[in-house]
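Visitor: Hey, dropping input.cif in here, mmCIF, C-alpha atoms:
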data_model
#
loop_
_atom_site.label_atom_id
_atom_site.label_comp_id
_atom_site.auth_asym_id
_atom_site.auth_seq_id
_atom_site.Cartn_x
_atom_site.Cartn_y
_atom_site.Cartn_z
CA MET A 1 2.72 6.96 1.06
CA LEU A 2 0.44 4.31 2.51
CA ASN A 3 -2.36 5.32 4.84
CA MET A 4 -1.87 3.44 8.11
CA GLY A 5 -5.56 2.81 8.69
CA SER A 6 -6.66 0.47 5.90
CA THR A 7 -7.41 -2.55 8.03
CA SER A 8 -11.16 -3.05 8.20
CA GLN A 9 -12.31 -6.62 7.69
CA ASP A 10 -14.99 -5.57 5.17
CA VAL A 11 -13.72 -6.83 1.84
CA SER A 12 -16.89 -6.27 -0.13
CA ALA A 13 -15.18 -4.02 -2.68
CA PRO A 14 -15.42 -5.41 -6.20
CA GLU A 15 -12.84 -7.22 -8.20
CA ALA A 16 -10.33 -4.77 -9.60
CA GLU A 17 -9.43 -4.68 -13.24
CA GLY A 18 -7.97 -1.19 -13.05
CA PRO A 19 -8.90 2.22 -11.70
CA GLY A 20 -12.38 3.54 -12.08
CA PRO A 21 -15.76 3.93 -10.41
CA GLY A 22 -16.40 0.17 -10.52
CA LEU A 23 -14.29 -0.32 -7.43
CA ALA A 24 -16.85 1.51 -5.33
CA ALA A 25 -19.78 -0.75 -6.24
CA ALA A 26 -20.77 -3.89 -4.33
CA ASP A 27 -19.51 -7.08 -5.97
CA ARG A 28 -20.76 -10.34 -4.55
CA THR A 29 -19.94 -12.66 -7.45
CA THR A 30 -18.57 -16.08 -6.58
CA ARG A 31 -15.13 -15.07 -7.81
CA ALA A 32 -15.16 -11.93 -5.65
CA ARG A 33 -16.33 -13.85 -2.56
CA ILE A 34 -13.49 -16.32 -3.00
CA ARG A 35 -10.94 -13.54 -3.47
CA ASP A 36 -12.22 -11.67 -0.41
CA ALA A 37 -12.13 -14.81 1.73
CA ALA A 38 -8.58 -15.50 0.58
CA LEU A 39 -7.52 -11.94 1.33
CA ARG A 40 -8.82 -12.24 4.89
CA ARG A 41 -7.18 -15.61 5.39
CA PHE A 42 -3.86 -14.53 3.90
CA ALA A 43 -3.89 -11.40 6.07
CA ALA A 44 -4.56 -13.41 9.22
CA SER A 45 -2.39 -16.48 8.67
CA GLY A 46 -0.16 -15.97 5.64
CA VAL A 47 -0.32 -17.62 2.26
CA ASP A 48 1.58 -20.81 3.08
CA ALA A 49 -0.48 -21.57 6.17
CA THR A 50 -3.80 -21.09 4.35
CA SER A 51 -5.44 -24.01 2.58
CA VAL A 52 -7.77 -23.90 -0.39
CA ARG A 53 -10.29 -25.80 1.71
CA ALA A 54 -10.26 -23.06 4.39
CA ILE A 55 -10.77 -20.35 1.79
CA ALA A 56 -13.60 -22.31 0.21
CA GLY A 57 -15.29 -22.74 3.59
CA ASP A 58 -15.14 -19.01 4.30
CA ALA A 59 -16.50 -18.20 0.85
CA GLY A 60 -19.30 -20.76 1.07
CA VAL A 61 -18.12 -22.72 -1.97
CA SER A 62 -16.39 -26.02 -2.64
CA PRO A 63 -12.59 -26.33 -3.00
CA GLY A 64 -13.25 -27.31 -6.60
CA SER A 65 -14.97 -23.98 -7.17
CA VAL A 66 -11.86 -22.13 -5.98
CA ILE A 67 -9.73 -24.02 -8.49
CA HIS A 68 -12.36 -23.54 -11.20
CA HIS A 69 -12.31 -19.76 -10.80
CA PHE A 70 -8.58 -19.21 -10.18
CA GLY A 71 -6.74 -22.33 -11.28
CA SER A 72 -4.52 -22.58 -8.19
CA LYS A 73 -3.87 -21.00 -4.79
CA ASP A 74 -0.87 -19.21 -6.30
CA ALA A 75 -3.05 -17.62 -8.99
CA LEU A 76 -5.56 -16.64 -6.31
CA ARG A 77 -2.78 -14.94 -4.39
CA VAL A 78 -1.86 -12.97 -7.55
CA ALA A 79 -5.50 -11.90 -7.88
CA CYS A 80 -5.42 -10.67 -4.27
CA ASP A 81 -2.21 -8.73 -4.96
CA GLU A 82 -3.78 -7.07 -7.99
CA HIS A 83 -6.92 -6.23 -6.05
CA VAL A 84 -4.99 -4.65 -3.17
CA ALA A 85 -2.84 -2.62 -5.57
CA ALA A 86 -5.93 -1.40 -7.43
CA LEU A 87 -7.69 -0.32 -4.22
CA ILE A 88 -4.62 1.59 -3.01
CA ARG A 89 -4.27 3.16 -6.45
CA GLU A 90 -7.86 4.41 -6.49
CA GLN A 91 -7.77 5.74 -2.92
CA LYS A 92 -4.48 7.55 -3.49
CA ARG A 93 -5.68 9.11 -6.73
CA THR A 94 -8.77 10.39 -4.97
CA ALA A 95 -6.64 11.90 -2.19
CA MET A 96 -4.16 13.49 -4.60
CA ALA A 97 -6.95 14.99 -6.70
CA ALA A 98 -8.20 16.82 -3.60
CA GLY A 99 -4.97 18.82 -3.48
CA ALA A 100 -4.34 21.10 -0.52
CA GLY A 101 -8.03 20.78 0.35
CA LEU A 102 -7.59 17.13 1.30
CA ASP A 103 -9.52 16.16 4.44
CA PRO A 104 -7.27 13.59 6.18
CA LEU A 105 -10.09 12.35 8.43
CA ALA A 106 -12.30 11.72 5.41
CA ALA A 107 -9.44 9.78 3.81
CA PHE A 108 -9.09 7.74 7.00
CA ARG A 109 -12.80 6.93 6.96
CA THR A 110 -12.52 5.74 3.35
CA TYR A 111 -9.77 3.35 4.35
CA GLU A 112 -11.75 2.06 7.31
CA GLU A 113 -14.46 0.92 4.93
CA GLY A 114 -12.07 -1.11 2.79
CA PRO A 115 -10.34 -4.48 3.06
CA PRO A 116 -7.48 -5.29 5.47
CA LEU A 117 -4.90 -3.97 3.03
CA LEU A 118 -2.07 -3.34 5.49
CA ALA A 119 -2.59 -6.59 7.39
CA TYR A 120 -2.44 -8.40 4.05
CA LEU A 121 0.74 -6.56 3.04
CA ALA A 122 2.37 -7.13 6.44
CA ARG A 123 1.88 -10.87 5.99
CA THR A 124 2.71 -11.27 2.31
CA LEU A 125 5.67 -8.90 1.88
CA THR A 126 8.01 -11.23 3.76
CA ASP A 127 6.92 -14.61 2.43
CA GLY A 128 9.73 -14.89 -0.11
CA SER A 129 7.44 -15.30 -3.11
CA PRO A 130 8.56 -13.85 -6.46
CA HIS A 131 5.12 -12.25 -6.60
CA VAL A 132 6.22 -9.81 -3.88
CA ALA A 133 8.58 -8.07 -6.32
CA GLU A 134 5.80 -7.86 -8.90
CA LEU A 135 3.44 -6.30 -6.35
CA ILE A 136 5.99 -3.74 -5.15
CA ASP A 137 6.94 -2.81 -8.71
CA GLU A 138 3.29 -2.22 -9.54
CA MET A 139 2.77 -0.11 -6.43
CA VAL A 140 5.82 2.05 -7.24
CA ARG A 141 4.61 2.60 -10.82
CA ASP A 142 1.22 3.60 -9.45
CA ALA A 143 2.87 5.94 -6.94
CA VAL A 144 4.76 7.76 -9.70
CA ASP A 145 1.44 8.40 -11.45
CA TYR A 146 -0.63 9.52 -8.46
CA MET A 147 2.19 11.66 -7.07
CA ALA A 148 2.32 13.45 -10.42
CA GLN A 149 -1.39 14.06 -9.93
CA GLY A 150 -0.58 15.43 -6.47
CA GLU A 151 1.91 17.85 -8.02
CA ALA A 152 -0.71 19.05 -10.49
CA SER A 153 -3.27 19.60 -7.72
CA GLY A 154 -0.84 21.60 -5.58
CA LEU A 155 -0.52 19.00 -2.81
CA LEU A 156 3.05 17.87 -3.57
CA GLN A 157 6.22 19.62 -4.63
CA PRO A 158 7.78 18.64 -7.98
CA SER A 159 10.59 16.10 -7.89
CA GLU A 160 13.89 15.95 -9.77
CA ASP A 161 13.55 12.15 -9.76
CA PRO A 162 9.87 11.09 -9.63
CA HIS A 163 10.60 7.37 -9.80
CA GLY A 164 13.31 7.56 -7.15
CA ARG A 165 11.09 9.57 -4.83
CA ALA A 166 8.20 7.15 -5.26
CA ALA A 167 10.44 4.12 -4.71
CA VAL A 168 12.05 5.50 -1.54
CA LEU A 169 8.72 6.55 -0.02
CA MET A 170 7.20 3.18 -0.88
CA LEU A 171 10.12 1.35 0.74
CA TRP A 172 9.77 3.49 3.87
CA SER A 173 6.03 2.93 4.04
CA LEU A 174 6.17 -0.81 3.44
CA GLY A 175 9.01 -1.09 5.95
CA ALA A 176 6.77 0.50 8.58
CA VAL A 177 4.03 -1.99 7.72
CA VAL A 178 6.35 -4.95 8.13
CA LEU A 179 7.72 -3.52 11.41
CA HIS A 180 4.28 -2.62 12.76
CA GLU A 181 4.87 -4.53 16.01
CA HIS A 182 7.86 -2.30 16.76
CA ALA A 183 5.82 0.81 15.95
CA GLU A 184 3.39 -0.33 18.62
CA ARG A 185 6.23 -0.97 21.07
CA LEU A 186 8.02 2.34 20.43
CA LEU A 187 5.09 4.68 19.80
CA GLY A 188 2.11 2.88 21.28
CA VAL A 189 0.24 2.85 17.95
CA ASP A 190 -1.19 -0.06 15.99
CA LEU A 191 -0.49 0.76 12.35
CA LEU A 192 -2.82 -2.04 11.32
CA GLY A 193 -5.64 -0.82 13.56
CA ASP A 194 -7.84 2.23 14.01
CA PRO A 195 -6.47 5.13 11.90
CA ALA A 196 -7.81 7.64 14.38
CA ALA A 197 -5.40 6.21 16.98
CA THR A 198 -2.18 6.60 14.96
CA GLU A 199 -1.47 10.24 15.83
CA ARG A 200 1.90 9.47 17.42
CA TYR A 201 3.03 8.00 14.10
CA SER A 202 1.18 10.25 11.67
CA LEU A 203 2.21 13.64 13.07
CA PRO A 204 5.99 12.92 13.14
CA ALA A 205 5.68 11.46 9.64
CA MET A 206 3.93 14.62 8.43
CA GLU A 207 6.61 16.75 10.09
CA ILE A 208 9.36 14.84 8.29
CA LEU A 209 7.61 14.93 4.93
CA GLY A 210 6.19 18.44 5.17
CA ARG A 211 8.91 20.37 6.97
CA GLY A 212 11.96 18.20 6.38
CA ILE A 213 14.82 17.51 8.78
CA PHE A 214 17.82 19.39 7.40
CA THR A 215 18.08 23.15 7.32
CA PRO A 216 18.18 24.59 3.77
CA GLU A 217 21.91 25.28 4.15
CA ALA A 218 22.70 21.76 5.37
CA ASP A 219 20.53 20.27 2.65
CA GLU A 220 22.41 22.10 -0.09
CA GLN A 221 25.82 21.17 1.32
CA LEU A 222 24.92 17.52 1.80
CA ARG A 223 23.49 17.24 -1.72
CA GLU A 224 26.70 18.65 -3.15
CA ARG A 225 28.82 16.21 -1.14
CA VAL A 226 26.71 13.20 -2.11
CA THR A 227 26.83 14.22 -5.78
CA GLU A 228 30.59 14.77 -5.67
CA ALA A 229 31.19 11.44 -3.94
CA TYR A 230 29.04 9.64 -6.50
CA HIS A 231 30.88 11.20 -9.43
CA ASP A 232 34.26 10.43 -7.85
CA GLU A 233 33.24 6.81 -7.39
CA THR A 234 31.70 6.28 -10.82
CA GLY A 235 33.70 8.68 -12.95
CA GLY A 236 30.50 10.47 -13.87
CA ARG A 237 28.81 7.37 -15.29
CA SER A 238 25.08 7.20 -14.61
#
The structure given in the file should be rewritten as structure tokens.
Guide:
Amino acid sequence: MLNMGSTSQDVSAPEAEGPGPGLAAADRTTRARIRDAALRRFAASGVDATSVRAIAGDAGVSPGSVIHHFGSKDALRVACDEHVAALIREQKRTAMAAGAGLDPLAAFRTYEEGPPLLAYLARTLTDGSPHVAELIDEMVRDAVDYMAQGEASGLLQPSEDPHGRAAVLMLWSLGAVVLHEHAERLLGVDLLGDPAATERYSLPAMEILGRGIFTPEADEQLRERVTEAYHDETGGRS
């Protein structure tokens, strides 16, 4: 679901107001510089530990300018969330549109040129802010859309429950991001680092997603048992 190589410290991508070619152009407005500086700081230290003054210093502006453009540190954090979601959305749509002809290495290189998306997510997903739920909800909605595009391009199989599939895959992916230190301990890969060095994570993940775990016979039997147990428990209510 999430590419495990989007960690470059270059955050020169423009401010996101939605999908489209504008994301690929350079954007060095004051507002964008402040947002990019905040994204780096939040990724490195977390939101709570980052001051407006530190962000302003990195962006080459005054603390007053940060407040002028965003109103508060909390609003700046929301802007960073929206920017990260928009970048992921655009990159995933590009990958899904490629269909079975997708070049994974080219996709990795695209991520390397972007902001530290995964480092930012690893820091902010566990900070207890109500904005985390808003960000995850947005990412799941986006995933439903770009996975439908993947179905149309022949990359993905159709789903009986598109929203459920997108939500489960997003939870798995974000869980791996949060537990990245254990991925390094267990597999020797840095999920927030060089995407070319994540083979020991990426190949097992592709095996699970592409080939599955259960045999077709076991899959059918287990589905029937889960469905029967659910109906017994709920009386058939959805």
Visitor: Which of these residues is nearest to A:Leu191, using all atoms listed in the file: A:Ser153, A:Gln91, A:Thr50, A:Ser173?
Guide: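 With all atoms listed in the file as the atom set, the closest residue is A:Ser173.
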Visitor: What's the separation between atom CA of A:Ala166 and atom CA of A:Ala183, in Å to one decimal place?
Guide: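 We find that atom CA of A:Ala166 and atom CA of A:Ala183 lie 22.3 Å from each other.
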Visitor: Leaving out A:Val189 and any residue of its chain fewer than 5 positions from it, which residues lie within 10 Å of it when counting all atoms listed in the file, given as a VMD selection string?
Guide: chain A and resid 180 to 184 194 to 195 197 to 202
Visitor: A:Leu125, A:Leu203, A:Ile55, A:Leu209: which is nearest A:Arg165, counting only C-alpha atoms?
Guide: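 Counting only C-alpha atoms, the residue closest to A:Arg165 is A:Leu209.
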Visitor: Output the residue selection produced by the PyMOL selection byres ((chain A and resi 79) around 10) on the file above, formatted as a list of chain:residue names.
Guide: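 With the shown file as input, the PyMOL selection byres ((chain A and resi 79) around 10) matches A:Glu15, A:Ala16, A:Glu17, A:Ala32, A:Arg35, A:Ala38, A:Leu39, A:Phe70, A:Lys73, A:Asp74, A:Ala75, A:Leu76, A:Arg77, A:Val78, A:Cys80, A:Asp81, A:Glu82, A:His83, A:Val84, A:Ala85.
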Visitor: Please measure the separation of atom CA of A:His69 and atom CA of A:Val140, giving the value in Å to one decimal.
Guide: 28.6 Å
Visitor: Counting only C-alpha atoms, write as a PDB file with C-alpha atoms, keeping the file's coordinate frame all protein and nucleic acid residues lying at most 12 Å from (3.4, 18.4, -7.8) in the file's frame.
Guide:
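File written: selection36.pdb
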ATOM      1  CA  MET A  96      -4.160  13.490  -4.600  1.00  0.00           C
ATOM      2  CA  ALA A  97      -6.950  14.990  -6.700  1.00  0.00           C
ATOM      3  CA  GLY A  99      -4.970  18.820  -3.480  1.00  0.00           C
ATOM      4  CA  ALA A 100      -4.340  21.100  -0.520  1.00  0.00           C
ATOM      5  CA  VAL A 144       4.760   7.760  -9.700  1.00  0.00           C
ATOM      6  CA  ASP A 145       1.440   8.400 -11.450  1.00  0.00           C
ATOM      7  CA  TYR A 146      -0.630   9.520  -8.460  1.00  0.00           C
ATOM      8  CA  MET A 147       2.190  11.660  -7.070  1.00  0.00           C
ATOM      9  CA  ALA A 148       2.320  13.450 -10.420  1.00  0.00           C
ATOM     10  CA  GLN A 149      -1.390  14.060  -9.930  1.00  0.00           C
ATOM     11  CA  GLY A 150      -0.580  15.430  -6.470  1.00  0.00           C
ATOM     12  CA  GLU A 151       1.910  17.850  -8.020  1.00  0.00           C
ATOM     13  CA  ALA A 152      -0.710  19.050 -10.490  1.00  0.00           C
ATOM     14  CA  SER A 153      -3.270  19.600  -7.720  1.00  0.00           C
ATOM     15  CA  GLY A 154      -0.840  21.600  -5.580  1.00  0.00           C
ATOM     16  CA  LEU A 155      -0.520  19.000  -2.810  1.00  0.00           C
ATOM     17  CA  LEU A 156       3.050  17.870  -3.570  1.00  0.00           C
ATOM     18  CA  GLN A 157       6.220  19.620  -4.630  1.00  0.00           C
ATOM     19  CA  PRO A 158       7.780  18.640  -7.980  1.00  0.00           C
ATOM     20  CA  SER A 159      10.590  16.100  -7.890  1.00  0.00           C
ATOM     21  CA  GLU A 160      13.890  15.950  -9.770  1.00  0.00           C
ATOM     22  CA  PRO A 162       9.870  11.090  -9.630  1.00  0.00           C
TER      23      PRO A 162
END
Visitor: Between atom CA of A:Lys92 and atom CA of A:Pro116, what is the distance in Å, rounded to a tenth?
Guide: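 So the answer is 15.9 Å.
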Visitor: With only C-alpha atoms as the atoms that count, which of A:Leu222, A:Ala54, A:Gly175, A:Pro204 lies nearest to A:Thr126?
Guide: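 That would be A:Gly175, the residue with the smallest distance to A:Thr126.
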Visitor: Which residues are near stretch 120-124 of chain A? Cut-off 6 Å, all atoms listed in the file, ignore same chain within fewer than 3 positions. Put them as a list in words.
Guide: Ala43, Gly46, Leu117, Asp127, Val177 and Val178 of chain A
Visitor: When you count only C-alpha atoms, which of these residues is closest to A:Ile208: A:Leu169, A:Val66, A:Ala133, A:Ala49?
Guide: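 Closest to A:Ile208, using only C-alpha atoms: A:Leu169.
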Visitor: Of the candidates A:Phe42, A:Ser72, A:Asp219, A:Arg33, which one gets nearest to A:Asp58 if we count only C-alpha atoms?
Guide: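 Smallest distance to A:Asp58 is found for A:Arg33.
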